[in-house]
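J.: First the structure, then my questions, so here it is.
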Amino acid sequence: MKRVATHELLAEIGHLKNVLEQAGIACVVRNEQLSGGLGEIPFIDCIPELWVVRDDDLERARAIVEQQWRGADESSGWRCRNCGESNEGQFSACWQCGKADGDA
C-alpha cells in the first residue's frame, strides 16, 4: 500500500476516496478516528491519509487526486454516451443516469 494524499479535513479525504473508487482504484483511509486524540497525539500523526491498496495504482491515483485539487475546467462539458445528457466539466459521472464519463 502507498499513501496518495493527506488532508486536514476528513471530508476531503472521504471525497477523494469516493472518486478513486469510482475509477476502480481500491483505497483505504487511515487516521480516520484519531481526531479525538489531538493534544495527546501530535497533530501531524492525526491527519487523515488516503492510501491505495495496489502499488500499481499509485500514479493513476495521484493524477486523479491532482485533477480534483486543481479543479476541472467547467467550460469543458461533455455529453453522456448512455443517455445523451449534457454535463458540466466538473462532473465525472452523468447527473441524469450515473454513468461515468467515457462509459459506453
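Residues in the C-alpha cells are named by chain (A, B, ... in the order shown) and by number from 1 within that chain; ligands are numbered from 1 in the order shown.
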Using only C-alpha atoms, I'd like a table of the residues in segment 53-98 of chain A that come within 9 Å of segment 10-16 of chain A; for each, show the closest atom pair and its distance in Å rounded to one decimal, ordered by chain and ascending number, as a Markdown table.

T.:
| residue | atom | partner | partner_atom | distance |
| --- | --- | --- | --- | --- |
| A:Ile64 | CA | A:Leu16 | CA | 8.7 |
| A:Val65 | CA | A:Leu16 | CA | 6.7 |
| A:Gln68 | CA | A:Leu16 | CA | 7.9 |

J.: Could you write those residues out with C-alpha atoms, as a compact mmCIF listing (two decimals), in the first residue's frame?

T.:
# COMPACT_ATOMS: atom_id res chain seq x y z
CA ILE A 64 -6.83 11.82 -10.33
CA VAL A 65 -6.22 13.50 -6.96
CA GLN A 68 -9.55 17.03 -8.26

J.: Applying 8 Å and only C-alpha atoms, which residues near Val29 of chain A remain after dropping the ones on its own chain fewer than 2 positions away? List them as an mmCIF file with N, CA and C atoms, in the first residue's frame.

T.:
data_model
loop_
_atom_site.group_PDB
_atom_site.id
_atom_site.type_symbol
_atom_site.label_atom_id
_atom_site.label_comp_id
_atom_site.auth_asym_id
_atom_site.auth_seq_id
_atom_site.Cartn_x
_atom_site.Cartn_y
_atom_site.Cartn_z
ATOM 1 N N ILE A 13 -10.754 13.881 2.305
ATOM 2 C CA ILE A 13 -10.191 12.545 2.085
ATOM 3 C C ILE A 13 -11.311 11.571 1.705
ATOM 4 N N GLY A 14 -12.463 11.689 2.358
ATOM 5 C CA GLY A 14 -13.607 10.839 2.020
ATOM 6 C C GLY A 14 -14.069 11.062 0.592
ATOM 7 N N LYS A 17 -11.563 9.463 -1.732
ATOM 8 C CA LYS A 17 -11.742 8.012 -1.690
ATOM 9 C C LYS A 17 -12.882 7.596 -2.617
ATOM 10 N N CYS A 27 -8.920 1.704 -2.234
ATOM 11 C CA CYS A 27 -8.160 2.542 -1.319
ATOM 12 C C CYS A 27 -8.752 2.477 0.089
ATOM 13 N N ASN A 31 -6.069 6.988 9.890
ATOM 14 C CA ASN A 31 -6.180 8.077 10.873
ATOM 15 C C ASN A 31 -7.578 8.675 10.906
ATOM 16 N N GLU A 32 -8.542 7.914 10.465
ATOM 17 C CA GLU A 32 -9.931 8.394 10.397
ATOM 18 C C GLU A 32 -10.492 8.722 11.776
ATOM 19 N N PRO A 48 -5.796 12.828 8.520
ATOM 20 C CA PRO A 48 -6.328 11.740 7.694
ATOM 21 C C PRO A 48 -5.478 11.531 6.432
ATOM 22 N N GLU A 49 -5.277 10.269 6.090
ATOM 23 C CA GLU A 49 -4.480 9.889 4.928
ATOM 24 C C GLU A 49 -5.276 8.940 4.042
ATOM 25 N N LEU A 50 -5.055 9.041 2.747
ATOM 26 C CA LEU A 50 -5.679 8.149 1.779
ATOM 27 C C LEU A 50 -4.582 7.291 1.158
ATOM 28 N N TRP A 51 -4.763 5.980 1.217
ATOM 29 C CA TRP A 51 -3.785 5.020 0.716
ATOM 30 C C TRP A 51 -4.417 4.146 -0.354
#

J.: Please list as a ChimeraX atom specification every residue within 12 Å of Lys99 of chain A, counting only C-alpha atoms and excluding residues in the same chain fewer than 4 positions away.

T.: /A:22-23,79-85,87,91-95,103-104

J.: Would you please work out which residue, of A:Cys97, A:Val19, A:Met1, A:Val53, is nearest to Trp69 of chain A when using only C-alpha atoms?

T.: A:Val19

J.: Determine which residues of segment 9-100 of chain A DSSP labels as strand (DSSP E or B) from the backbone of this structure, then write them out as a list of chain:residue names.

T.: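 Going through segment 9-100 of chain A, the strand (DSSP E or B) residues come out as A:Cys27, A:Val28, A:Val29, A:Arg30, A:Leu38, A:Ile41, A:Glu49, A:Leu50, A:Trp51, A:Val52, A:Trp78, A:Arg79, A:Ser86, A:Asn87, A:Ala93, A:Ala100.
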
J.: Please, could you write that set of residues out with C-alpha atoms as a PDB file, in the first residue's frame?

T.:
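Result saved to again_16.pdb:
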ATOM      1  CA  CYS A  27      -8.160   2.542  -1.319  1.00  0.00           C
ATOM      2  CA  VAL A  28      -8.388   2.941   2.448  1.00  0.00           C
ATOM      3  CA  VAL A  29      -8.459   5.874   4.849  1.00  0.00           C
ATOM      4  CA  ARG A  30      -6.008   5.905   7.738  1.00  0.00           C
ATOM      5  CA  LEU A  38      -5.461  15.598  19.342  1.00  0.00           C
ATOM      6  CA  ILE A  41      -1.073  12.662  19.985  1.00  0.00           C
ATOM      7  CA  GLU A  49      -4.480   9.889   4.928  1.00  0.00           C
ATOM      8  CA  LEU A  50      -5.679   8.149   1.779  1.00  0.00           C
ATOM      9  CA  TRP A  51      -3.785   5.020   0.716  1.00  0.00           C
ATOM     10  CA  VAL A  52      -4.137   2.928  -2.442  1.00  0.00           C
ATOM     11  CA  TRP A  78     -19.346  16.527 -22.074  1.00  0.00           C
ATOM     12  CA  ARG A  79     -22.309  14.566 -23.394  1.00  0.00           C
ATOM     13  CA  SER A  86     -25.184  17.358 -21.329  1.00  0.00           C
ATOM     14  CA  ASN A  87     -22.963  17.552 -18.252  1.00  0.00           C
ATOM     15  CA  ALA A  93     -20.449  10.908 -13.895  1.00  0.00           C
ATOM     16  CA  ALA A 100     -19.088   7.702 -15.703  1.00  0.00           C
TER      17      ALA A 100
END

J.: Could you state the separation of atom CA of Glu66 of chain A and atom CA of Ile47 of chain A in Å, given to one decimal place?

T.: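 We find that atom CA of Glu66 of chain A and atom CA of Ile47 of chain A lie 18.6 Å from each other.
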